[in-house]
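**Q** Take this structure first; my questions come after.
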Amino acid sequence: MSRQINQPSNQIKLTNVSLVRLKKGKKRFEIACYKNKVLEWRSGIETDLDNVLQIPNVFLNVSKGQTAPRDDLDKAFGKGKPVDDIVLEILKKGELQVGDKERAAQLERVHNELIGIVASKLVDPRTKRVYTSGMIEKALDMLSSQAHTTDKPSAPASGTGTPTTGDDGESKPRAKDHIWTGVVTTKSAKSQALEAMKALIAHQPIPVARARMKLRVTCSTNVLKQAVKGPAAKAGKDEEGEQKAPGTVKDRILSYVEQVENQDVMGSEWEVTGFVEPGAFKALSDFISNETRGQGRVEVLDMAVVHED
């Protein structure tokens with residue numbers, strides 16, 4: 001049963017409300033939701049609709065308490081479509097309405113969360129020390145300013161990218177840039193943090209690199225000396241880009257480890273602890289899974305190893 005939003009004598013405006021609007025046909029339909037819950041539901045964090053919807057009904061005007069007539073719903077959404085299904089469609093496809101103050105507060109929350117994530121994942125590659133949130137914020141502001149002030153060149157007909165001039169004056173093809181234009185409220189802080197890190201690493205307004213993961217790899221000594229087989233045998237290249245010999249299972253495991261902290265043999269099991277670039281983790285895990293036939297495993301000891309003062 002729907003809850004009333006108007007008193008007989010006085011109109012009571014809902015507090016702590018976010019409106020989601022969807023124009024369908026010639027009508028605009030609205031639903032009343034709790035603040036901060038719409039984006040959580042859309043991102044999968046919140047799954048209980050009771051925590052999202054203030055009133056499980058469809059309105060033409062929430063503030064006036066004007067519910068949508070059944071005839072209007074039938075014309076816009078299809079005859080006989082259940083109200084619950086219509087509510088879900090509006091919730092999925094509608095535009096979230098928030099006031100200026102609410103939008104600014106939401107933007108600040110997302111911004112602060114994003115900065116915190118980025119600051120915890122990136123380090124100075126020379127010292128392996130984390131940057132302060134202020135330094136990360138300034139670096140992203142630099143990228144955002146550049147993105148907004150730099151004129152975008154027209155796309156070349158060949159589709160290979162606009163050439164740029166290198167230090168030696170020769171033209172070089174430009175790789176696809178990771179562009180950072182600033183924080184938005186339509187995406188999660190986590191997804192935007194990944195975009196921000198890619199942009200910082202690509203453009204280096206300050207020297208940055210991803211903090212390394214600390215892993216422990218264990219493997220039966222029976223398979224260590226076996227030659228790498230299958231697609232993994234073709235994966236390795238040296239620093240000049242030349243194809244390397246596939247090597248043994250042990251060689252390939254160690255090739256993923258940027259810095260070995262410790263390795264030892266205990267009985268019939270070999271163990272190595274070391275640091276790995278986050279981007280190499282999946283490839284290493286896949287290799288262990290495919291090549292050791294269940295006789296090897298990878299454990300994450302620390303997701304982001306940094307040095308802090």
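How things are named: the first chain in the structure tokens is A, the next is B, and so on; residues count from 1 in each chain; ligands count from 1 in the order shown.
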Determine, counting only C-alpha atoms, which protein, DNA and RNA residues have an atom within 7 Å of an atom of segment 73-90 of chain A; residues of the same chain fewer than 4 positions away are not included. Present the result as a PyMOL selection string.

**A** chain A and resi 20-22+24-25+57-58+68-69+94

**Q** Write to file, as a PDB file, in the first residue's frame, the residues of the selection just made, with C-alpha atoms.

**A**
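The file below, out_15.pdb, is the result:
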```pdb
ATOM      1  CA  VAL A  20      14.190   9.914 -10.616  1.00  0.00           C
ATOM      2  CA  ARG A  21      12.404  11.131 -13.747  1.00  0.00           C
ATOM      3  CA  LEU A  22      11.735   9.406 -17.043  1.00  0.00           C
ATOM      4  CA  LYS A  24       7.964   8.391 -21.880  1.00  0.00           C
ATOM      5  CA  GLY A  25       5.802   9.449 -24.782  1.00  0.00           C
ATOM      6  CA  ASN A  57       4.435   4.149  -6.793  1.00  0.00           C
ATOM      7  CA  VAL A  58       4.711   6.174  -9.994  1.00  0.00           C
ATOM      8  CA  ALA A  68       0.175   8.685 -12.469  1.00  0.00           C
ATOM      9  CA  PRO A  69      -3.261   7.463 -13.711  1.00  0.00           C
ATOM     10  CA  GLY A  94      15.504   7.616 -15.438  1.00  0.00           C
TER      11      GLY A  94
END
```

**Q** Taking only C-alpha atoms into account, produce a table as a tab-separated table in which each residue of segment 69-118 of chain A with an atom at most 12 Å from an atom of segment 189-193 of chain A appears once, together with its shortest atom pair and the distance in Å to one decimal, ordered by chain and rising number.

**A**
```
residue	atom	partner	partner_atom	distance
A:Gln106	CA	A:Ala189	CA	10.9
A:Leu107	CA	A:Ala189	CA	9.9
A:Glu108	CA	A:Ala189	CA	10.8
A:Arg109	CA	A:Ala189	CA	8.8
A:Val110	CA	A:Ala189	CA	5.4
A:His111	CA	A:Ala189	CA	7.2
A:Asn112	CA	A:Ala189	CA	8.7
A:Glu113	CA	A:Ala189	CA	6.1
A:Leu114	CA	A:Ala189	CA	5.0
A:Ile115	CA	A:Ala193	CA	7.4
A:Gly116	CA	A:Ala193	CA	8.9
A:Ile117	CA	A:Ala193	CA	6.5
A:Val118	CA	A:Ala193	CA	5.9
```

**Q** Restrict the selected residues to all heavy atoms and save them as an mmCIF file, in the first residue's frame.

**A**
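Writing the result to again_37.cif gives the following:
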```cif
data_model
loop_
_atom_site.group_PDB
_atom_site.id
_atom_site.type_symbol
_atom_site.label_atom_id
_atom_site.label_comp_id
_atom_site.auth_asym_id
_atom_site.auth_seq_id
_atom_site.Cartn_x
_atom_site.Cartn_y
_atom_site.Cartn_z
ATOM 1 N N GLN A 106 27.607 15.595 -3.060
ATOM 2 C CA GLN A 106 27.860 14.275 -3.638
ATOM 3 C C GLN A 106 29.180 14.265 -4.395
ATOM 4 O O GLN A 106 29.970 13.316 -4.305
ATOM 5 C CB GLN A 106 26.714 13.891 -4.572
ATOM 6 C CG GLN A 106 26.835 12.493 -5.151
ATOM 7 C CD GLN A 106 25.701 12.171 -6.109
ATOM 8 O OE1 GLN A 106 24.931 13.049 -6.477
ATOM 9 N NE2 GLN A 106 25.603 10.921 -6.522
ATOM 10 N N LEU A 107 29.434 15.341 -5.148
ATOM 11 C CA LEU A 107 30.675 15.447 -5.903
ATOM 12 C C LEU A 107 31.879 15.449 -4.961
ATOM 13 O O LEU A 107 32.900 14.810 -5.235
ATOM 14 C CB LEU A 107 30.662 16.719 -6.750
ATOM 15 C CG LEU A 107 31.804 16.899 -7.750
ATOM 16 C CD1 LEU A 107 31.744 15.817 -8.826
ATOM 17 C CD2 LEU A 107 31.755 18.275 -8.391
ATOM 18 N N GLU A 108 31.735 16.149 -3.839
ATOM 19 C CA GLU A 108 32.829 16.203 -2.869
ATOM 20 C C GLU A 108 33.092 14.833 -2.254
ATOM 21 O O GLU A 108 34.247 14.433 -2.067
ATOM 22 C CB GLU A 108 32.509 17.212 -1.764
ATOM 23 C CG GLU A 108 33.654 17.400 -0.774
ATOM 24 C CD GLU A 108 33.346 18.431 0.289
ATOM 25 O OE1 GLU A 108 32.220 18.971 0.291
ATOM 26 O OE2 GLU A 108 34.230 18.702 1.134
ATOM 27 N N ARG A 109 32.016 14.081 -1.978
ATOM 28 C CA ARG A 109 32.190 12.742 -1.410
ATOM 29 C C ARG A 109 32.921 11.823 -2.393
ATOM 30 O O ARG A 109 33.852 11.105 -2.009
ATOM 31 C CB ARG A 109 30.821 12.141 -1.058
ATOM 32 C CG ARG A 109 30.181 12.693 0.190
ATOM 33 C CD ARG A 109 29.028 11.815 0.639
ATOM 34 N NE ARG A 109 27.970 11.755 -0.356
ATOM 35 C CZ ARG A 109 26.957 12.595 -0.437
ATOM 36 N NH1 ARG A 109 26.865 13.598 0.420
ATOM 37 N NH2 ARG A 109 26.017 12.441 -1.357
ATOM 38 N N VAL A 110 32.475 11.846 -3.645
ATOM 39 C CA VAL A 110 33.114 11.003 -4.656
ATOM 40 C C VAL A 110 34.565 11.429 -4.851
ATOM 41 O O VAL A 110 35.471 10.589 -4.953
ATOM 42 C CB VAL A 110 32.348 11.079 -5.995
ATOM 43 C CG1 VAL A 110 33.075 10.284 -7.075
ATOM 44 C CG2 VAL A 110 30.936 10.550 -5.837
ATOM 45 N N HIS A 111 34.793 12.735 -4.879
ATOM 46 C CA HIS A 111 36.147 13.273 -5.064
ATOM 47 C C HIS A 111 37.075 12.808 -3.946
ATOM 48 O O HIS A 111 38.185 12.320 -4.213
ATOM 49 C CB HIS A 111 36.080 14.802 -5.094
ATOM 50 C CG HIS A 111 37.417 15.471 -5.124
ATOM 51 N ND1 HIS A 111 38.144 15.651 -6.276
ATOM 52 C CD2 HIS A 111 38.182 15.994 -4.130
ATOM 53 C CE1 HIS A 111 39.280 16.254 -5.994
ATOM 54 N NE2 HIS A 111 39.333 16.471 -4.695
ATOM 55 N N ASN A 112 36.626 12.950 -2.707
ATOM 56 C CA ASN A 112 37.472 12.566 -1.573
ATOM 57 C C ASN A 112 37.769 11.066 -1.565
ATOM 58 O O ASN A 112 38.890 10.643 -1.261
ATOM 59 C CB ASN A 112 36.811 12.972 -0.262
ATOM 60 C CG ASN A 112 36.769 14.477 -0.067
ATOM 61 O OD1 ASN A 112 37.551 15.207 -0.691
ATOM 62 N ND2 ASN A 112 35.868 14.955 0.768
ATOM 63 N N GLU A 113 36.740 10.272 -1.898
ATOM 64 C CA GLU A 113 36.945 8.822 -1.939
ATOM 65 C C GLU A 113 37.923 8.445 -3.044
ATOM 66 O O GLU A 113 38.805 7.605 -2.847
ATOM 67 C CB GLU A 113 35.605 8.115 -2.157
ATOM 68 C CG GLU A 113 35.705 6.591 -2.082
ATOM 69 C CD GLU A 113 34.371 5.898 -2.279
ATOM 70 O OE1 GLU A 113 33.324 6.596 -2.308
ATOM 71 O OE2 GLU A 113 34.367 4.658 -2.413
ATOM 72 N N LEU A 114 37.776 9.082 -4.201
ATOM 73 C CA LEU A 114 38.678 8.816 -5.328
ATOM 74 C C LEU A 114 40.121 9.160 -4.972
ATOM 75 O O LEU A 114 41.038 8.370 -5.235
ATOM 76 C CB LEU A 114 38.214 9.620 -6.542
ATOM 77 C CG LEU A 114 39.056 9.540 -7.822
ATOM 78 C CD1 LEU A 114 38.160 9.672 -9.042
ATOM 79 C CD2 LEU A 114 40.120 10.626 -7.871
ATOM 80 N N ILE A 115 40.325 10.338 -4.404
ATOM 81 C CA ILE A 115 41.680 10.754 -4.042
ATOM 82 C C ILE A 115 42.300 9.771 -3.055
ATOM 83 O O ILE A 115 43.479 9.400 -3.160
ATOM 84 C CB ILE A 115 41.673 12.176 -3.441
ATOM 85 C CG1 ILE A 115 41.254 13.209 -4.496
ATOM 86 C CG2 ILE A 115 43.050 12.534 -2.880
ATOM 87 C CD1 ILE A 115 42.197 13.326 -5.670
ATOM 88 N N GLY A 116 41.493 9.312 -2.088
ATOM 89 C CA GLY A 116 42.003 8.350 -1.117
ATOM 90 C C GLY A 116 42.441 7.048 -1.762
ATOM 91 O O GLY A 116 43.483 6.477 -1.409
ATOM 92 N N ILE A 117 41.644 6.565 -2.730
ATOM 93 C CA ILE A 117 41.992 5.321 -3.420
ATOM 94 C C ILE A 117 43.280 5.487 -4.207
ATOM 95 O O ILE A 117 44.198 4.655 -4.129
ATOM 96 C CB ILE A 117 40.840 4.890 -4.356
ATOM 97 C CG1 ILE A 117 39.601 4.504 -3.550
ATOM 98 C CG2 ILE A 117 41.282 3.711 -5.224
ATOM 99 C CD1 ILE A 117 38.369 4.262 -4.399
ATOM 100 N N VAL A 118 43.359 6.564 -4.984
ATOM 101 C CA VAL A 118 44.540 6.789 -5.836
ATOM 102 C C VAL A 118 45.794 6.947 -4.983
ATOM 103 O O VAL A 118 46.850 6.379 -5.286
ATOM 104 C CB VAL A 118 44.335 8.026 -6.735
ATOM 105 C CG1 VAL A 118 45.607 8.338 -7.516
ATOM 106 C CG2 VAL A 118 43.181 7.792 -7.698
#
```

**Q** For the contact check between segment 87-134 of chain A and segment 199-203 of chain A, emit one row per residue of segment 87-134 of chain A within 12 Å, containing the shortest atom pair and the distance in Å rounded to one decimal, counting only C-alpha atoms, chain then rising number order, as CSV.

**A**
```
residue,atom,partner,partner_atom,distance
A:Val118,CA,A:Leu200,CA,9.6
A:Ala119,CA,A:Leu200,CA,11.3
A:Lys121,CA,A:Ile201,CA,11.5
A:Leu122,CA,A:Ile201,CA,8.9
A:Val123,CA,A:Ile201,CA,10.5
A:Asp124,CA,A:Ile201,CA,10.8
A:Pro125,CA,A:Ile201,CA,10.7
```

**Q** For the selection you just gave me, I'd like the residues written to a file as a PDB file, in the first residue's frame, keeping all heavy atoms.

**A**
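As written to disk, out12.pdb reads:
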```pdb
ATOM      1  N   VAL A 118      43.359   6.564  -4.984  1.00  0.00           N
ATOM      2  CA  VAL A 118      44.540   6.789  -5.836  1.00  0.00           C
ATOM      3  C   VAL A 118      45.794   6.947  -4.983  1.00  0.00           C
ATOM      4  O   VAL A 118      46.850   6.379  -5.286  1.00  0.00           O
ATOM      5  CB  VAL A 118      44.335   8.026  -6.735  1.00  0.00           C
ATOM      6  CG1 VAL A 118      45.607   8.338  -7.516  1.00  0.00           C
ATOM      7  CG2 VAL A 118      43.181   7.792  -7.698  1.00  0.00           C
ATOM      8  N   ALA A 119      45.687   7.714  -3.900  1.00  0.00           N
ATOM      9  CA  ALA A 119      46.847   7.953  -3.040  1.00  0.00           C
ATOM     10  C   ALA A 119      47.357   6.663  -2.399  1.00  0.00           C
ATOM     11  O   ALA A 119      48.550   6.542  -2.102  1.00  0.00           O
ATOM     12  CB  ALA A 119      46.498   8.979  -1.954  1.00  0.00           C
ATOM     13  N   LYS A 121      47.267   3.695  -3.870  1.00  0.00           N
ATOM     14  CA  LYS A 121      47.688   2.739  -4.894  1.00  0.00           C
ATOM     15  C   LYS A 121      48.924   3.170  -5.676  1.00  0.00           C
ATOM     16  O   LYS A 121      49.555   2.350  -6.340  1.00  0.00           O
ATOM     17  CB  LYS A 121      46.548   2.505  -5.891  1.00  0.00           C
ATOM     18  CG  LYS A 121      45.264   1.958  -5.291  1.00  0.00           C
ATOM     19  CD  LYS A 121      45.419   0.535  -4.818  1.00  0.00           C
ATOM     20  CE  LYS A 121      44.082  -0.043  -4.358  1.00  0.00           C
ATOM     21  NZ  LYS A 121      44.219  -1.420  -3.843  1.00  0.00           N
ATOM     22  N   LEU A 122      49.264   4.459  -5.629  1.00  0.00           N
ATOM     23  CA  LEU A 122      50.403   4.955  -6.412  1.00  0.00           C
ATOM     24  C   LEU A 122      51.542   5.373  -5.496  1.00  0.00           C
ATOM     25  O   LEU A 122      51.326   5.835  -4.380  1.00  0.00           O
ATOM     26  CB  LEU A 122      49.980   6.147  -7.273  1.00  0.00           C
ATOM     27  CG  LEU A 122      48.953   5.876  -8.374  1.00  0.00           C
ATOM     28  CD1 LEU A 122      48.708   7.149  -9.172  1.00  0.00           C
ATOM     29  CD2 LEU A 122      49.392   4.753  -9.291  1.00  0.00           C
ATOM     30  N   VAL A 123      52.761   5.218  -5.995  1.00  0.00           N
ATOM     31  CA  VAL A 123      53.948   5.601  -5.234  1.00  0.00           C
ATOM     32  C   VAL A 123      54.910   6.347  -6.131  1.00  0.00           C
ATOM     33  O   VAL A 123      54.801   6.319  -7.366  1.00  0.00           O
ATOM     34  CB  VAL A 123      54.667   4.355  -4.648  1.00  0.00           C
ATOM     35  CG1 VAL A 123      53.795   3.648  -3.649  1.00  0.00           C
ATOM     36  CG2 VAL A 123      55.099   3.402  -5.767  1.00  0.00           C
ATOM     37  N   ASP A 124      55.854   7.028  -5.514  1.00  0.00           N
ATOM     38  CA  ASP A 124      56.992   7.592  -6.236  1.00  0.00           C
ATOM     39  C   ASP A 124      57.877   6.411  -6.646  1.00  0.00           C
ATOM     40  O   ASP A 124      58.361   5.678  -5.773  1.00  0.00           O
ATOM     41  CB  ASP A 124      57.762   8.549  -5.319  1.00  0.00           C
ATOM     42  CG  ASP A 124      58.915   9.246  -6.030  1.00  0.00           C
ATOM     43  OD1 ASP A 124      59.502   8.653  -6.963  1.00  0.00           O
ATOM     44  OD2 ASP A 124      59.248  10.376  -5.635  1.00  0.00           O
ATOM     45  N   PRO A 125      58.090   6.181  -7.946  1.00  0.00           N
ATOM     46  CA  PRO A 125      58.843   4.995  -8.362  1.00  0.00           C
ATOM     47  C   PRO A 125      60.289   4.974  -7.879  1.00  0.00           C
ATOM     48  O   PRO A 125      60.902   3.913  -7.801  1.00  0.00           O
ATOM     49  CB  PRO A 125      58.773   5.058  -9.899  1.00  0.00           C
ATOM     50  CG  PRO A 125      58.491   6.479 -10.209  1.00  0.00           C
ATOM     51  CD  PRO A 125      57.651   6.996  -9.085  1.00  0.00           C
TER      52      PRO A 125
END
```

**Q** Point out the residue among A:Ile31, A:Thr47, A:Phe287, A:Trp41 with the least atom-to-atom distance to Gly65 of chain A, counting only C-alpha atoms.

**A**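 With only C-alpha atoms as the atom set, the closest residue is A:Ile31.
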